[in-house]
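Printed here is structure_9.txt (compact mmCIF, C-alpha atoms):
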```txt
# COMPACT_ATOMS: atom_id res chain seq x y z
CA MET A 11 148.15 36.25 139.11
CA LYS A 12 145.81 38.80 137.60
CA TYR A 13 146.17 40.88 134.45
CA ALA A 14 144.10 43.55 132.72
CA ILE A 15 144.11 43.40 128.92
CA LYS A 16 142.93 45.86 126.31
CA ILE A 17 142.86 44.76 122.67
CA HIS A 18 143.65 47.46 120.13
CA LYS A 19 143.50 45.49 116.89
CA ILE A 20 143.01 41.94 115.61
CA SER A 21 144.25 41.18 112.09
CA THR A 22 143.98 38.10 109.89
CA VAL A 23 146.83 37.65 107.41
CA ASP A 24 147.88 35.02 104.89
CA ASP A 25 151.58 35.88 104.97
CA LEU A 26 154.17 36.85 107.57
CA GLU A 27 156.54 39.70 106.80
CA ASN A 28 160.25 38.92 106.68
CA SER A 29 159.64 35.17 106.64
CA TRP A 30 162.12 34.73 103.80
CA SER A 31 165.45 36.47 103.35
CA ILE A 32 167.45 37.24 100.21
CA GLU A 33 169.73 34.36 101.17
CA ASP A 34 166.73 32.02 101.44
CA TYR A 35 165.50 32.93 97.98
CA LYS A 36 168.95 32.59 96.42
CA GLU A 37 169.49 29.16 97.96
CA LEU A 38 166.05 27.98 96.85
CA LEU A 39 166.71 29.25 93.32
CA ILE A 40 169.86 27.11 93.26
CA ARG A 41 167.87 24.09 94.42
CA PHE A 42 165.30 24.72 91.69
CA ASP A 43 168.11 25.03 89.08
CA PHE A 44 167.14 28.66 88.51
CA ALA A 45 170.09 30.51 90.02
CA ASN A 46 170.61 34.16 89.07
CA ASN A 47 173.63 35.94 90.59
CA ASP A 48 172.69 39.27 88.99
CA VAL A 49 169.55 39.82 91.05
CA HIS A 50 169.79 41.06 94.64
CA ASP A 51 166.40 42.67 95.20
CA LEU A 52 164.08 40.73 97.52
CA LYS A 53 160.96 41.31 95.42
CA GLU A 54 162.66 40.35 92.16
CA LEU A 55 164.14 37.21 93.71
CA ARG A 56 160.68 36.24 95.00
CA GLU A 57 159.22 36.64 91.51
CA LEU A 58 162.01 34.53 90.02
CA LEU A 59 161.45 31.87 92.66
CA PHE A 60 157.72 31.79 91.91
CA MET A 61 158.56 31.22 88.24
CA ALA A 62 160.96 28.42 89.15
CA ILE A 63 158.48 26.80 91.54
CA SER A 64 155.54 26.96 89.15
CA ASP A 65 157.57 25.09 86.51
CA LYS A 66 157.65 22.06 88.79
CA ASP A 67 155.03 19.55 89.81
CA PRO A 68 153.42 20.92 93.01
CA SER A 69 154.43 17.98 95.19
CA GLU A 70 157.97 18.07 93.81
CA ALA A 71 158.22 21.79 94.54
CA ALA A 72 156.88 21.20 98.06
CA ARG A 73 159.52 18.53 98.60
CA VAL A 74 162.33 20.95 97.67
CA VAL A 75 161.11 23.70 100.02
CA LEU A 76 160.36 21.28 102.85
CA ASP A 77 163.83 19.78 102.55
CA TYR A 78 165.41 23.25 102.66
CA LYS A 79 163.53 24.36 105.78
CA LEU A 80 162.95 21.15 107.72
CA SER A 81 165.58 18.56 106.80
CA ASP A 82 167.03 18.91 110.32
CA HIS A 83 163.67 17.97 111.85
CA LEU A 84 162.10 15.49 109.43
CA THR A 85 163.28 12.33 107.70
CA GLU A 86 163.33 12.00 103.92
CA GLY A 87 160.26 9.77 104.14
CA GLN A 88 158.36 12.29 106.27
CA ILE A 89 159.20 15.09 103.84
CA ASP A 90 158.06 12.96 100.91
CA SER A 91 154.71 12.21 102.62
CA LEU A 92 154.15 15.85 103.58
CA SER A 93 154.85 17.03 100.02
CA TYR A 94 151.69 15.17 98.91
CA GLU A 95 149.59 15.78 102.01
CA MET A 96 150.12 19.55 101.77
CA LEU A 97 148.14 19.61 98.53
CA VAL A 98 144.94 18.43 100.20
CA ASP A 99 145.27 19.15 103.92
CA LYS A 100 146.17 22.18 106.05
CA ILE A 101 149.32 20.52 107.37
CA SER A 102 150.48 23.66 109.19
CA GLU A 103 147.39 23.29 111.38
CA GLU A 104 147.10 19.51 111.59
CA TYR A 105 150.68 18.31 111.99
CA PRO A 106 151.10 16.69 115.43
CA LYS A 107 154.37 18.51 116.21
CA ILE A 108 153.18 22.01 117.16
CA GLU A 109 156.77 23.28 117.17
CA LEU A 110 156.79 22.91 113.35
CA HIS A 111 153.50 24.73 112.69
CA LYS A 112 155.04 28.16 112.12
CA THR A 113 157.59 26.88 109.61
CA LEU A 114 154.98 24.74 107.85
CA PHE A 115 152.73 27.81 107.60
CA ILE A 116 155.53 29.83 106.01
CA ILE A 117 156.25 27.02 103.53
CA ASN A 118 152.58 26.45 102.76
CA GLN A 119 151.92 30.10 102.00
CA LEU A 120 154.94 30.39 99.70
CA LEU A 121 153.65 27.41 97.71
CA TYR A 122 150.05 28.63 97.83
CA LYS A 123 151.01 31.93 96.21
CA ALA A 124 153.49 30.44 93.75
CA PHE A 125 150.87 28.01 92.47
CA ASN A 126 147.95 30.47 92.57
CA GLY A 127 145.90 28.52 95.07
CA LYS A 128 146.69 24.86 94.32
CA PHE A 129 147.67 24.44 97.97
CA PRO A 130 145.14 25.10 100.78
CA ASN A 131 145.18 28.67 102.06
CA THR A 132 146.07 29.02 105.74
CA LYS A 133 145.98 32.18 107.83
CA ALA A 134 147.55 33.72 110.89
CA THR A 135 146.08 35.97 113.58
CA ILE A 136 147.93 39.06 114.81
CA VAL A 137 146.76 40.82 117.97
CA ASP A 138 147.92 44.25 119.16
CA PHE A 139 147.14 44.80 122.84
CA GLU A 140 148.04 46.28 126.21
CA ILE A 141 148.53 44.10 129.27
CA LYS A 142 148.77 45.43 132.80
CA PRO A 143 149.85 43.31 135.79
CA LEU A 144 147.51 43.76 138.75
CA ARG A 145 148.46 43.49 142.41
CA ASN A 146 151.65 41.41 142.63
CA ALA A 147 151.48 39.78 139.17
CA ASP A 148 154.72 39.14 137.31
CA THR A 149 155.70 42.18 135.23
CA THR A 150 157.76 40.12 132.78
CA ILE A 151 155.21 39.22 130.12
CA THR A 152 155.82 35.79 128.59
CA LYS A 153 154.05 33.77 125.91
CA GLU A 154 152.51 31.59 128.61
CA ILE A 155 151.11 34.60 130.46
CA VAL A 156 149.65 36.01 127.25
CA LEU A 157 148.15 32.71 126.13
CA LYS A 158 146.60 31.90 129.49
CA SER A 159 145.23 35.44 129.81
CA PHE A 160 143.67 35.44 126.34
CA ALA A 161 142.15 32.00 126.90
CA ASN A 162 139.85 33.78 129.38
CA ASN A 163 138.52 35.87 126.51
CA LEU A 164 137.89 33.18 123.90
CA ASP A 165 134.72 31.39 122.90
CA SER A 166 134.31 28.13 124.81
CA HIS A 167 134.57 26.15 121.56
CA ASN A 168 138.09 27.46 120.92
CA ILE A 169 140.54 24.63 120.28
CA ILE A 170 143.09 25.85 122.87
CA ILE A 171 140.44 25.64 125.56
CA ARG A 172 139.39 22.19 124.38
CA LEU A 173 142.86 20.68 123.87
CA PHE A 174 144.86 22.30 126.66
CA ALA A 175 142.49 22.47 129.62
CA GLN A 176 144.98 20.89 132.01
CA GLN A 177 147.73 23.30 130.96
CA LEU A 178 145.43 26.32 131.23
CA HIS A 179 144.42 25.29 134.75
CA ALA A 180 148.03 24.66 135.80
CA LYS A 181 147.56 20.92 136.28
CA VAL A 182 150.59 20.32 134.03
CA ALA A 183 153.28 22.56 132.57
CA PHE A 184 152.24 24.54 129.49
CA LYS A 185 155.28 23.82 127.32
CA GLU A 186 153.22 24.16 124.15
CA ALA A 187 152.63 27.88 124.77
CA ALA A 188 156.00 28.79 123.27
CA ASP A 189 154.99 27.20 119.95
CA ILE A 190 151.30 28.13 119.88
CA ILE A 191 152.30 31.81 120.00
CA TRP A 192 154.78 32.22 117.14
CA PHE A 193 155.95 35.73 117.99
CA LEU A 194 155.54 38.04 120.99
CA GLN A 195 156.83 41.55 120.48
CA LYS A 196 156.88 44.59 122.77
CA ASN A 197 156.75 48.19 121.57
CA ASP A 198 156.78 50.74 124.39
CA ASN A 199 153.61 50.00 126.37
CA THR A 200 151.94 47.76 123.80
CA TYR A 201 152.45 44.18 122.72
CA ARG A 202 151.77 42.13 119.61
CA PHE A 203 151.45 38.40 119.29
CA THR A 204 151.14 36.21 116.21
CA THR A 205 149.57 32.77 116.12
CA SER A 206 147.77 30.47 113.73
CA GLU A 207 144.15 31.25 112.93
CA TYR A 208 143.63 27.58 113.77
CA PHE A 209 144.36 28.35 117.42
CA MET A 210 142.70 31.78 117.59
CA SER A 211 140.40 33.17 114.93
CA LYS A 212 139.18 36.75 114.92
CA ASP A 213 135.56 35.83 115.62
CA GLU A 214 136.47 33.83 118.76
CA PHE A 215 137.49 36.87 120.83
CA LEU A 216 134.72 37.94 123.20
CA ASN A 217 135.64 41.40 124.57
CA GLU A 218 138.00 44.25 123.75
CA GLU A 219 138.82 44.74 127.44
CA PHE A 220 138.94 42.06 130.12
CA GLU A 221 140.71 40.84 133.24
CA ALA A 222 142.24 37.40 133.63
CA ASN A 223 143.25 35.34 136.64
CA ILE A 224 145.90 32.77 135.77
CA ASP A 225 147.91 30.14 137.63
CA PHE A 226 151.21 28.42 136.94
CA TYR A 227 152.13 24.78 137.31
CA GLU A 228 154.37 24.01 140.25
CA GLU A 229 156.15 20.68 140.58
CA ASP A 230 155.67 18.83 143.85
```

Starting from the coordinates I provided, produce the structure as structure tokens.
Amino acid sequence: MKYAIKIHKISTVDDLENSWSIEDYKELLIRFDFANNDVHDLKELRELLFMAISDKDPSEAARVVLDYKLSDHLTEGQIDSLSYEMLVDKISEEYPKIELHKTLFIINQLLYKAFNGKFPNTKATIVDFEIKPLRNADTTITKEIVLKSFANNLDSHNIIIRLFAQQLHAKVAFKEAADIIWFLQKNDNTYRFTTSEYFMSKDEFLNEEFEANIDFYEED
């Protein structure tokens, strides 16, 4: 299948909007023994939470937030280990389970800002673009289509190209695509995707306009 892509904007951010809700902040404040039932404004709750977090040891604070967000996916021992590793390593980029990268990024950045930089700073890449199916290409744009198309427009040293060559060339199914691209949104005729800067950094994109031929894995 063939697609024509035009990039409108590439942004690098250190936070994702709407990552945390009022309910999230209130529950975390309870877990940090800092509950306040009189505050209902998102910004005020965030400031209170930062105060509560900064009163704790960094690894202890990380353990509380990790347990809140990932206790269904990680054991107590794994959470304990990550709470220390997050202070020295970019866990949201290095953790072997790619499906947890987005959540680990959100957690990391909350802690990074609450502790004024004691945790490593990680970033995300947001791309606004148009994509046009050519000839008989599928008109339903999926994360896999977007990822495979954009891989044609990345520097050869890009980690997706190096780690997922078989998936990109349809030798095996590209199950990881759904987790490498965190969000894919459509707005009229334009799209936006969000991913980790680890997988696509702004300086790795080659052209603003390009065409991409992609294939899909088919089981025998």

**OP:** Have a look at atom CA of Val156 of chain A and atom CA of Ile169 of chain A and let me know their distance in Å, one decimal.
**Re:** 16.2 Å

Original post:
Contacts of Ser21 of chain A at 10 Å or less, counting only C-alpha atoms, minus same-chain residues fewer than 2 places along, as a list in words?
Top reply: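 Counting only C-alpha atoms, the residues come to Lys19, Val23, Ala134, Thr135, Ile136, Val137, Asp138, Thr204, Glu207, Ser211 and Lys212 of chain A.
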
**OP:** Would you mind listing what lies within 12 Å of Gln176 of chain A as a list in words, with all atoms listed in the file counted and same-chain residues fewer than 4 positions away left out?
**Re:**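 My list of contacting residues is Lys158, Ile170, Ile171, Arg172, Ala180, Lys181, Val182, Ala183, Phe184, Lys185, Glu186, Asp225, Phe226 and Tyr227 of chain A.
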
Subject >> Who sits within 10 Å of segment 69-86 of chain A, all atoms listed in the file, same chain under 4 positions skipped, as a PyMOL selection string >> reply: chain A and resi 34+37-38+41-42+62-65+90-97+110+113-114+116-118+120-121+124-125+129

**OP:** Within 12 Å of Asn217 of chain A, counting only C-alpha atoms, which residues show up once you throw out same-chain ones fewer than 3 positions away? Write them as a list in words, please.
**Re:**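 With the cut-off at 12 Å, the set is Ala14, Ile15, Lys16, Ile17, His18, Lys19, Ile20, Phe160, Ala161, Asn162, Asn163, Leu164, Asp165, Lys212, Asp213, Glu214, Phe220, Glu221 and Ala222 of chain A.
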
**OP:** Could you tell me how far atom CA of Thr150 of chain A lies from atom CA of Lys196 of chain A, in Å and to one decimal?
**Re:**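 Taking atom CA of Thr150 of chain A as the start and atom CA of Lys196 of chain A as the end point, the length is 11.0 Å.
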